[in-house]
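K.L.:
Encoded as structure tokens, here's the structure I'll be asking about.
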Amino acid sequence: MVGLNKNILRSILIASYIMIVALIISGVSALFSYLNTGADRSTMLHTEIQKVEQYLPKIDWEPLQNEGRSMDNQTLNALQSNYLDAWYVKQIAYKTNKPAGIKDYYTDSARENLYRFIELNKAEDITIEATTLKHNPTLEFFSEDGQMTVITDRNVIEYKRVFKAEKVILETTETSNYKMVFLLEDGFWRIRHLVKEQAETYDAKTEPISVDNLNIKGINYYPQANPWNMFGDEFSADTISKDFKIIKDAGLNSVRLFVQYEDFGKEHVNPKKLEKLKETLDLAEAHNLKVVLTLFDFYGDYSVMSWTLNQRHAETIVEAVKDHSALLAWDIKNEPNLDFESRQKAVVIAWLDNMIDLVKSVDSIHPVTIGWSNTQSASILKDKVDFISFHYYEDLEHLDDAIKTMKTEIPNKPLVLQEFGISSYSGFWKPLGSSDEDQANYHKKIQEQIAANNLQFMSWTLYDFTDVPTDVVGSRPWRRNTQKHFGFIDKNGAKKASFKYISN
Amino acid sequence: MPLKRTYLFLLGLILLSSFAVIQQNETVNKIELLTTQTDFKVGTNIVLKFSISEVEQPLLYCSNSYGSTVISSTLKNNTLEYFIPENITKKIGVVNWKLLAKNESISGVFNINPKAEVATLETYIGPPSIEAGGTDYTMLVVIPTDSLDNPVPTNTLVKTKHQFLASEETNDIYTKNLISWRNMYSKKESGRMLVSSESIGINSKEFTVNVMPAIPTDFKISASRPHDYADGNQITTFTTSILKDKQNNVISDGTFVTFFITNSEGNILKTTGTTIDGVATSKMIHPDYEDTWNIKAYVDGMAESDNISLNYKQVIEDFDVTFSDQNRTIIVGPLQSFMQQMIPDGLHVKLKIYQNEKLINTITKTSFNGYVNFKLKPAIYNNGTYNFSIETAGLSKEFKSKELW
């Protein structure tokens, strides 16, 4: 008994000794690393100040035919950059009711006018979130000494959301003509006079695009090895080509692909990624498949100040592939209704609305849709989209009713069941999950329903995945593992029982 | 039967009229804009009046050139009155508004027009100096603004005035694109141009534009010197003629002139000067041996002078050399100038020392009181046989096999 006690005592002593040493070492190392922190010394030199693009509305200069001195490109670029910054600081000022930045882009007397508005709006608890989507400036005059310019900016499209006491009271899009005088002061082109010469409410008239020939029997596609990172370093044309062949041979006619916003380079789209996207479309064309391209995947900032950046992204991509014959339709955003709660429904819808206008302004041929995650949201913006896409992962018993409701709400547009499927995962994390057989039955049943309701469809998905990024369904293992088993083909390449029902 | 029809007809009519009444009631409920005026003078009070429908007092959104705001109404005699805030009424341009009523929103625009008055003439002129000759010009930009800092209406008359030498001119220009502007060309003469402008009784302050002479045309040079001897002491002064541009204006002070002197060996000496009142001068010390200089002056890239030539006569015909102190002291002199006077201090004398046909050292000294002494130290120049050559004023003398001991 005594011996045992002594041993316990000894081990406690040794353990506490080790603990104390460990604590001291960690303390000293923390102090040491703290002393080593600080800015990189090279930053003291300010060798490089990178311009951050914050505001990129579409800007089209009219041909230069100005009075006075002839304009050079460098000055015009500086003028344009300062002009857009003037808009940007104004938007920020009216959003926050703070005058920061105003004095850089408005002269002494012009800035007073803005300050008065800020004062008034602050007193009345009014804030305005606004952005401009399009500018068509004409250079009217450039002075001989290069210190003054006059610009007329016609048909400026301004989107505004007006808040009073933090509640939206107005959402409006206006188109206006502005005339302004700029002075070059301290190296900044500053606005001296600003006169709005015309203003009216803007209504983007987008033509509906015919979808009579739309007959989608498709599948959502990611390669087995690199799902959600299709256009990354592991991009393999061979794999995609093989997969497209499987899809075509299974009797399907289309695939849904995803373009990730950040991966593609945000407002400055990476040309290498675009190349890969085009290559993929070429492969689809080679296998006689059509492609529904989903934009803005993994992107969730709908704030008004980012609109111009988002639109430049979409514009570049749409412009690059709009003439590709494999392209079938544009899917503006995947499941945006999931962001309604965190980003406000009205904000998300306004973003979608304007994005549809933008995509249609660049591509007037291909239909546009939005991939709603449920049937309830499907009627949002029903007049703007050319066909309705919705996802269905709920109980199949309720599908017929949901479709009936949608068909009464949206009688005149085709419905596409754009995502559906069931995971065949059943294991440690989900003991009561479905089996391969259940999955096959599910697809058999839903294909019957699709046929009965005359729906078009795109199933989820071709492959079981070995790895699912945490961005997709979070990091919880029961969700990640479930997501890995939605495929018609398992991770070893063998067709699962459900493959039989991949099409109707 | 006809009676029945008449009854039916009447009944129908009554039914129809009741509908009509209902419709009328609906229209009464609408909010309507009462203010018919859509053009206002800047700075006046603006009130938008609406007929009232219900209890609702909707907000009014309005937006002008600089910003947007939302205003609330006051109720007066069953009309809603919206007082447009001063920061909007004081700036010209279009104001668009929208009534934020619950059911239907009506919207519209009104114009705030500029006043035909001028309070300040914002004047910009540049470039501030131009070239004479009638091709170069400066640009005058005038932005007339009213007392509320608004640009004045298009086609407002602005008078530009300028005075130059004897001429005084007034020209009429009109505002367009918020500004008015005019190019002012130089005349043949250089000088100062005074510029001002006037609009609706208000005069600007005075602005000055320098009309600078144009680039110089080719010119002549001359040289003056106390004597023509190559004594290495006196100074020759080069002077340009008065440099003028092609309009005969004396070029600007400070124009840089470079004189290139080429001597008979083809070496180039350079001296420079800047002009004052069109004349540049520059100096060069005389050579110390007989020489001929060819001189030409340039204003780099613009103009050049004619060529002049100067001869310098030899002053020292001959000189004596005495060896003493075991040949280790060499005295050169007396060195005498053109009137047999001792040459002024500072004449270069060069001693070259050879041993075994090899140059081992060159010593250069300047004269003092007409003589130059060379002392050859035993520590450096060992005892032995040396050859010497002495050069000065373009002359050379050789002494062979001198023994140092």
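Just so we're on the same page: first chain in the structure tokens is A, next is B, and so on; residues restart at 1 for each chain, and ligands are numbered from 1 in the order they show up.
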Got a sec to pull out which chain B residues are within 9 Å of chain A, counting only C-alpha atoms, and send them as a PyMOL selection string?

P.N.:
chain B and resi 59+61+64-71+85+87-88+91-96+100+107-109+111+124-128+137-141+149-151+177-179+181+183

K.L.:
For the structure I just gave you, how does DSSP split range 251-342 of chain A - specifically, which residues are helix (DSSP H, G or I)? Reply as a VMD selection string.

P.N.:
chain A and resid 271 to 286 304 to 321 336 to 342

K.L.:
Write the residues you've just listed into a file as a PDB file, in the first residue's frame, and include C-alpha atoms for each of them.

P.N.:
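out_17.pdb written:
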ATOM      1  CA  PRO A 271      -7.943  33.588 -69.448  1.00  0.00           C
ATOM      2  CA  LYS A 272      -6.462  30.170 -68.674  1.00  0.00           C
ATOM      3  CA  LYS A 273      -9.655  29.140 -66.909  1.00  0.00           C
ATOM      4  CA  LEU A 274     -11.685  30.421 -69.829  1.00  0.00           C
ATOM      5  CA  GLU A 275      -9.553  28.281 -72.137  1.00  0.00           C
ATOM      6  CA  LYS A 276     -10.356  25.206 -70.063  1.00  0.00           C
ATOM      7  CA  LEU A 277     -14.033  26.098 -70.079  1.00  0.00           C
ATOM      8  CA  LYS A 278     -14.008  26.437 -73.858  1.00  0.00           C
ATOM      9  CA  GLU A 279     -12.140  23.167 -74.169  1.00  0.00           C
ATOM     10  CA  THR A 280     -14.838  21.494 -72.095  1.00  0.00           C
ATOM     11  CA  LEU A 281     -17.527  22.999 -74.316  1.00  0.00           C
ATOM     12  CA  ASP A 282     -15.637  21.729 -77.371  1.00  0.00           C
ATOM     13  CA  LEU A 283     -15.680  18.248 -75.868  1.00  0.00           C
ATOM     14  CA  ALA A 284     -19.399  18.520 -75.204  1.00  0.00           C
ATOM     15  CA  GLU A 285     -19.921  19.545 -78.797  1.00  0.00           C
ATOM     16  CA  ALA A 286     -17.827  16.618 -79.980  1.00  0.00           C
ATOM     17  CA  VAL A 304     -24.769  46.646 -54.118  1.00  0.00           C
ATOM     18  CA  MET A 305     -21.183  47.879 -53.970  1.00  0.00           C
ATOM     19  CA  SER A 306     -19.952  44.618 -55.518  1.00  0.00           C
ATOM     20  CA  TRP A 307     -22.421  44.549 -58.377  1.00  0.00           C
ATOM     21  CA  THR A 308     -20.166  46.185 -60.903  1.00  0.00           C
ATOM     22  CA  LEU A 309     -17.404  43.714 -60.141  1.00  0.00           C
ATOM     23  CA  ASN A 310     -19.786  40.745 -60.429  1.00  0.00           C
ATOM     24  CA  GLN A 311     -21.123  42.061 -63.697  1.00  0.00           C
ATOM     25  CA  ARG A 312     -17.654  42.390 -65.213  1.00  0.00           C
ATOM     26  CA  HIS A 313     -17.060  38.753 -64.279  1.00  0.00           C
ATOM     27  CA  ALA A 314     -20.286  37.565 -65.881  1.00  0.00           C
ATOM     28  CA  GLU A 315     -19.806  39.792 -68.895  1.00  0.00           C
ATOM     29  CA  THR A 316     -16.367  38.370 -69.662  1.00  0.00           C
ATOM     30  CA  ILE A 317     -17.509  34.779 -69.368  1.00  0.00           C
ATOM     31  CA  VAL A 318     -20.725  35.253 -71.319  1.00  0.00           C
ATOM     32  CA  GLU A 319     -18.914  37.197 -74.009  1.00  0.00           C
ATOM     33  CA  ALA A 320     -16.289  34.451 -74.302  1.00  0.00           C
ATOM     34  CA  VAL A 321     -18.619  31.489 -74.797  1.00  0.00           C
ATOM     35  CA  PRO A 336     -29.631  31.615 -54.423  1.00  0.00           C
ATOM     36  CA  ASN A 337     -32.702  31.201 -52.231  1.00  0.00           C
ATOM     37  CA  LEU A 338     -30.486  29.559 -49.615  1.00  0.00           C
ATOM     38  CA  ASP A 339     -28.946  33.024 -49.094  1.00  0.00           C
ATOM     39  CA  PHE A 340     -32.299  34.737 -48.510  1.00  0.00           C
ATOM     40  CA  GLU A 341     -31.961  34.563 -44.767  1.00  0.00           C
ATOM     41  CA  SER A 342     -28.345  35.620 -44.400  1.00  0.00           C
TER      42      SER A 342
END

K.L.:
Counting only C-alpha atoms, what is within 10 Å of Lys248 in chain A, bar same-chain residues fewer than 3 positions away, as a count of residues only?

P.N.:
14

K.L.:
Considering only C-alpha atoms, return as number ranges by chain whatever protein or nucleic-acid residues lie within 10 Å of range 309-318 of chain B, sequence-local ones (same chain, fewer than 6 positions apart) excluded.

P.N.:
B: 222-224, 227-232, 236, 261-264, 286-296, 333-340, 343, 392-397

K.L.:
Which neighbours of Asn45 in chain B fall inside 8 Å, counting only C-alpha atoms, when residues of the same chain fewer than 5 positions from it are skipped, and could you give them as number ranges by chain?

P.N.:
B: 83-84, 86, 89

K.L.:
Counting only C-alpha atoms, what is within 6 Å of Lys290 in chain A, bar same-chain residues fewer than 2 positions away, as a ChimeraX atom specification?

P.N.:
/A:254,326-328

K.L.:
As a list in words, please: the residues near Ile380 in chain B (cut-off 12 Å, only C-alpha atoms, same-chain neighbours under 6 positions excluded).

P.N.:
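Counting only the stated atoms, we get Arg328, Ile353, Ile360, Asn361 and Leu404 of chain B.
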
K.L.:
Go ahead and compute the interatomic distance for CA of Asp306 in chain B and CA of Ala280 in chain B, in Å to one decimal.

P.N.:
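Going from CA of Asp306 in chain B over to CA of Ala280 in chain B, I get 14.6 Å.
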
K.L.:
Based on the backbone DSSP call, show me all residues of range 63-243 of chain A assigned strand (DSSP E or B), as a PyMOL selection string.

P.N.:
chain A and resi 67-68+106+126-142+148-164+167-185+188-201+217-220

K.L.:
To one decimal place, how far is CA of Gln260 in chain A from CA of Ala237 in chain A in Å?

P.N.:
18.5 Å

K.L.:
Which distance in Å separates CA of Ser197 in chain B and CA of Val118 in chain B, to one decimal?

P.N.:
12.1 Å

K.L.:
With only C-alpha atoms as the atoms that count, which of B:Ile390, B:Thr362, B:Glu357, B:Gln326 lies nearest to Lys377 in chain B?

P.N.:
B:Gln326
